[in-house]
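entry-v1.pdb follows (PDB, C-alpha atoms):
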ATOM      1  CA  MET C   1       0.000   0.000   0.000  1.00  0.00           C
ATOM      2  CA  SER C   2       1.379   3.380  -1.001  1.00  0.00           C
ATOM      3  CA  SER C   3       1.382   6.362   1.360  1.00  0.00           C
ATOM      4  CA  ALA C   4       2.603   9.919   1.694  1.00  0.00           C
ATOM      5  CA  THR C   5       4.305  11.721   4.549  1.00  0.00           C
ATOM      6  CA  VAL C   6       2.452  14.903   5.498  1.00  0.00           C
ATOM      7  CA  PRO C   7       2.438  17.220   8.504  1.00  0.00           C
ATOM      8  CA  LEU C   8      -0.201  16.372  11.107  1.00  0.00           C
ATOM      9  CA  TYR C   9      -2.039  19.682  10.496  1.00  0.00           C
ATOM     10  CA  ARG C  10      -3.258  18.283   7.159  1.00  0.00           C
ATOM     11  CA  ALA C  11      -5.177  15.581   9.104  1.00  0.00           C
ATOM     12  CA  ALA C  12      -6.049  17.369  12.361  1.00  0.00           C
ATOM     13  CA  HIS C  13      -6.287  20.649  14.197  1.00  0.00           C
ATOM     14  CA  GLY C  14      -5.498  21.391  17.824  1.00  0.00           C
ATOM     15  CA  ARG C  15      -5.870  23.620  20.842  1.00  0.00           C
ATOM     16  CA  THR C  16      -3.515  24.264  23.714  1.00  0.00           C
ATOM     17  CA  GLY C  17      -4.012  25.133  27.371  1.00  0.00           C
ATOM     18  CA  ASP C  18      -1.848  25.232  30.451  1.00  0.00           C
ATOM     19  CA  LYS C  19      -1.886  24.917  34.205  1.00  0.00           C
ATOM     20  CA  GLY C  20       1.334  25.577  36.047  1.00  0.00           C
ATOM     21  CA  ASP C  21       4.158  23.702  34.336  1.00  0.00           C
ATOM     22  CA  ARG C  22       1.739  21.404  32.485  1.00  0.00           C
ATOM     23  CA  SER C  23       0.535  21.812  28.910  1.00  0.00           C
ATOM     24  CA  ASN C  24      -2.629  20.275  27.448  1.00  0.00           C
ATOM     25  CA  ILE C  25      -2.664  19.850  23.688  1.00  0.00           C
ATOM     26  CA  SER C  26      -5.699  18.523  21.873  1.00  0.00           C
ATOM     27  CA  VAL C  27      -5.535  16.838  18.481  1.00  0.00           C
ATOM     28  CA  ILE C  28      -8.866  16.717  16.631  1.00  0.00           C
ATOM     29  CA  ALA C  29      -9.234  14.836  13.340  1.00  0.00           C
ATOM     30  CA  TRP C  30     -10.544  16.861  10.415  1.00  0.00           C
ATOM     31  CA  HIS C  31     -12.507  13.768   9.344  1.00  0.00           C
ATOM     32  CA  PRO C  32     -13.643  10.766  11.446  1.00  0.00           C
ATOM     33  CA  ASP C  33     -12.024   8.324   9.009  1.00  0.00           C
ATOM     34  CA  LEU C  34      -8.614   9.833   9.814  1.00  0.00           C
ATOM     35  CA  PHE C  35      -8.964   9.219  13.550  1.00  0.00           C
ATOM     36  CA  PRO C  36      -7.764   5.559  13.613  1.00  0.00           C
ATOM     37  CA  LEU C  37      -4.647   6.633  11.733  1.00  0.00           C
ATOM     38  CA  LEU C  38      -3.997   9.370  14.293  1.00  0.00           C
ATOM     39  CA  LEU C  39      -4.486   6.934  17.183  1.00  0.00           C
ATOM     40  CA  GLU C  40      -1.912   4.628  15.656  1.00  0.00           C
ATOM     41  CA  GLN C  41       0.751   7.265  14.991  1.00  0.00           C
ATOM     42  CA  ILE C  42       0.252  10.071  17.527  1.00  0.00           C
ATOM     43  CA  THR C  43       1.206   8.065  20.588  1.00  0.00           C
ATOM     44  CA  PRO C  44       2.555   9.341  23.898  1.00  0.00           C
ATOM     45  CA  ASP C  45       6.043   8.159  22.877  1.00  0.00           C
ATOM     46  CA  ALA C  46       5.801   9.942  19.512  1.00  0.00           C
ATOM     47  CA  VAL C  47       4.669  13.153  21.227  1.00  0.00           C
ATOM     48  CA  ALA C  48       7.468  12.887  23.805  1.00  0.00           C
ATOM     49  CA  SER C  49       9.930  12.530  20.941  1.00  0.00           C
ATOM     50  CA  GLN C  50       8.485  15.575  19.167  1.00  0.00           C
ATOM     51  CA  PHE C  51       8.981  17.589  22.378  1.00  0.00           C
ATOM     52  CA  ARG C  52      12.331  16.050  23.355  1.00  0.00           C
ATOM     53  CA  TYR C  53      14.058  19.456  23.401  1.00  0.00           C
ATOM     54  CA  ARG C  54      11.606  20.548  26.133  1.00  0.00           C
ATOM     55  CA  ALA C  55      12.235  17.289  28.057  1.00  0.00           C
ATOM     56  CA  PRO C  56       8.717  16.557  29.353  1.00  0.00           C
ATOM     57  CA  SER C  57       8.811  14.503  32.523  1.00  0.00           C
ATOM     58  CA  ARG C  58       5.662  12.623  31.427  1.00  0.00           C
ATOM     59  CA  VAL C  59       3.299  12.535  28.441  1.00  0.00           C
ATOM     60  CA  GLN C  60      -0.213  11.141  28.892  1.00  0.00           C
ATOM     61  CA  ARG C  61      -2.824  10.602  26.172  1.00  0.00           C
ATOM     62  CA  PHE C  62      -6.558  10.721  26.798  1.00  0.00           C
ATOM     63  CA  VAL C  63      -8.684   9.446  23.914  1.00  0.00           C
ATOM     64  CA  LEU C  64     -12.085  10.990  23.152  1.00  0.00           C
ATOM     65  CA  PRO C  65     -13.460   8.671  20.441  1.00  0.00           C
ATOM     66  CA  ARG C  66     -16.884  10.317  20.062  1.00  0.00           C
ATOM     67  CA  LEU C  67     -15.112  13.601  19.275  1.00  0.00           C
ATOM     68  CA  HIS C  68     -12.449  11.926  17.094  1.00  0.00           C
ATOM     69  CA  ALA C  69      -9.944  13.626  19.350  1.00  0.00           C
ATOM     70  CA  MET C  70      -7.134  13.077  21.810  1.00  0.00           C
ATOM     71  CA  ASN C  71      -5.827  15.252  24.609  1.00  0.00           C
ATOM     72  CA  PHE C  72      -2.154  15.100  25.518  1.00  0.00           C
ATOM     73  CA  VAL C  73      -0.933  16.245  28.913  1.00  0.00           C
ATOM     74  CA  LEU C  74       2.762  17.112  28.986  1.00  0.00           C
ATOM     75  CA  ASP C  75       4.327  17.651  32.399  1.00  0.00           C
ATOM     76  CA  ALA C  76       7.274  19.975  33.020  1.00  0.00           C
ATOM     77  CA  VAL C  77       7.348  21.574  29.544  1.00  0.00           C
ATOM     78  CA  LEU C  78       6.656  25.222  30.417  1.00  0.00           C
ATOM     79  CA  ASP C  79       9.922  26.118  32.163  1.00  0.00           C
ATOM     80  CA  GLY C  80       8.188  26.265  35.539  1.00  0.00           C
ATOM     81  CA  GLY C  81       4.915  27.822  34.372  1.00  0.00           C
ATOM     82  CA  VAL C  82       3.631  31.318  33.688  1.00  0.00           C
ATOM     83  CA  ASN C  83       5.090  32.973  36.783  1.00  0.00           C
ATOM     84  CA  ASP C  84       8.504  31.298  36.575  1.00  0.00           C
ATOM     85  CA  ALA C  85       9.239  30.947  32.851  1.00  0.00           C
ATOM     86  CA  LEU C  86      11.607  33.282  31.075  1.00  0.00           C
ATOM     87  CA  ASN C  87      10.576  32.142  27.587  1.00  0.00           C
ATOM     88  CA  LEU C  88       8.426  34.292  25.303  1.00  0.00           C
ATOM     89  CA  ASP C  89       5.468  31.883  25.330  1.00  0.00           C
ATOM     90  CA  THR C  90       4.947  31.275  29.032  1.00  0.00           C
ATOM     91  CA  HIS C  91       1.477  29.762  28.444  1.00  0.00           C
ATOM     92  CA  GLY C  92       2.764  27.339  25.802  1.00  0.00           C
ATOM     93  CA  LYS C  93       0.118  28.349  23.261  1.00  0.00           C
ATOM     94  CA  SER C  94       2.548  27.777  20.397  1.00  0.00           C
ATOM     95  CA  LEU C  95       3.217  24.171  21.467  1.00  0.00           C
ATOM     96  CA  SER C  96       0.210  22.944  19.479  1.00  0.00           C
ATOM     97  CA  PHE C  97       1.935  24.192  16.322  1.00  0.00           C
ATOM     98  CA  LEU C  98       5.011  22.131  17.151  1.00  0.00           C
ATOM     99  CA  LEU C  99       2.840  19.044  17.545  1.00  0.00           C
ATOM    100  CA  LEU C 100       0.805  19.773  14.395  1.00  0.00           C
ATOM    101  CA  ASP C 101       4.033  19.955  12.384  1.00  0.00           C
ATOM    102  CA  MET C 102       4.807  16.330  13.294  1.00  0.00           C
ATOM    103  CA  PRO C 103       5.070  14.100  10.182  1.00  0.00           C
ATOM    104  CA  ILE C 104       2.555  11.301   9.731  1.00  0.00           C
ATOM    105  CA  GLU C 105       2.110   8.627   7.071  1.00  0.00           C
ATOM    106  CA  VAL C 106      -1.234   8.718   5.259  1.00  0.00           C
ATOM    107  CA  PRO C 107      -2.240   5.877   2.925  1.00  0.00           C
ATOM    108  CA  ASP C 108      -3.277   6.877  -0.586  1.00  0.00           C
ATOM    109  CA  ALA C 109      -6.857   5.767   0.138  1.00  0.00           C
ATOM    110  CA  LEU C 110      -7.233   8.458   2.855  1.00  0.00           C
ATOM    111  CA  GLN C 111      -5.370  11.331   1.228  1.00  0.00           C
ATOM    112  CA  HIS C 112      -8.561  12.821  -0.240  1.00  0.00           C
ATOM    113  CA  LEU C 113      -9.606  13.607   3.366  1.00  0.00           C
ATOM    114  CA  LEU C 114      -6.576  15.812   4.052  1.00  0.00           C
ATOM    115  CA  VAL C 115      -6.955  19.593   4.151  1.00  0.00           C
ATOM    116  CA  GLY C 116      -4.720  22.274   2.751  1.00  0.00           C
ATOM    117  CA  PRO C 117      -2.525  22.275  -0.303  1.00  0.00           C
ATOM    118  CA  PRO C 118      -0.415  19.226  -1.082  1.00  0.00           C
ATOM    119  CA  GLU C 119       3.253  19.498  -0.200  1.00  0.00           C
ATOM    120  CA  SER C 120       5.398  20.518  -3.115  1.00  0.00           C
TER     121      SER C 120
END
Written form, structure tokens:
Amino acid sequence: MSSATVPLYRAAHGRTGDKGDRSNISVIAWHPDLFPLLLEQITPDAVASQFRYRAPSRVQRFVLPRLHAMNFVLDAVLDGGVNDALNLDTHGKSLSFLLLDMPIEVPDALQHLLVGPPES
């Protein structure tokens, strides 16, 4: 079966929140038929690897099948949290963009469900 490597944002969108030194990042499939693919590839280990430079102490995944979504909780990724962090994004709002840039493999049969322009 043939497939293409695309950034996750072609298959899903996300939202980010924070509490202290913890970031919550949701991943929501653009189409329900893409959700099983996301479950298979966007694992806690894959997310931890994507954020390795921020060295999360733990990554948890909570699956919301009726919403075709997942919520990831990343501990210790906000440099101490809003009141302690010296980085420009103390709330971690931009972290969803880092996750959505993660490459995924999409079989040819599902590529018509992707959004945005094809990669050139």
Problem - From C:Leu110, C:Val77, C:Met70, C:Ile42, residue lying nearest Arg58 in chain C [all atoms listed in the file] - result: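 Going through C:Leu110, C:Val77, C:Met70, C:Ile42 one by one, the smallest distance to Arg58 in chain C is for C:Val77.
Near range 111-113 of chain C, within 12 Å and counting all atoms listed in the file, sit Ser2, Ser3, Ala4, Thr5, Val6, Arg10, Ala11, Ala12, Ala29, Trp30, His31, Pro32, Asp33, Leu34, Phe35, Leu37, Ile104, Glu105, Val106, Pro107, Asp108, Gly116, Pro117, Pro118 and Glu119 of chain C; same-chain residues fewer than 3 positions away were not included.
CA of Ser94 in chain C lies 22.4 Å from CA of Leu64 in chain C.
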Exercise. Could you please determine the separation between CA of Val115 in chain C and CA of Leu8 in chain C in Å, to one decimal place?
Key: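 Separating CA of Val115 in chain C from CA of Leu8 in chain C is a distance of 10.2 Å.
Every protein, DNA or RNA residue with an atom at most 9 Å from Gly14 in chain C, where only C-alpha atoms count and chain neighbours fewer than 4 positions away do not, is listed here: C:Tyr9, C:Ile25, C:Ser26, C:Val27, C:Ile28, C:Ala29, C:Ser96, C:Phe97, C:Leu99, C:Leu100.
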Atom pair CA of Asp21 in chain C + CA of Phe72 in chain C, distance 13.8 Å
Between C:Ala109, C:Val73, C:Leu98, C:Leu38, smallest distance to Ser57 in chain C by only C-alpha atoms belongs to C:Val73
| For Ala48 in chain C, which of C:Leu114, C:Leu74, C:Arg15, C:Arg22 is the closest residue, counting all atoms listed in the file? |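 Checking each candidate against Ala48 in chain C, we get C:Leu74 as the closest.
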Kindly provide, as JSON, the centre and edge lengths (Å, one decimal) of an axis-aligned box around all atoms of range 2-14 of chain C given in the file, with 6 Å on each side.
{"center_x": -1.0, "center_y": 12.4, "center_z": 8.4, "size_x": 22.6, "size_y": 30.0, "size_z": 30.8}
Counting only C-alpha atoms, closest pick from C:His68, C:Glu40, C:Leu78, C:Lys19 relative to Pro56 in chain C is C:Leu78
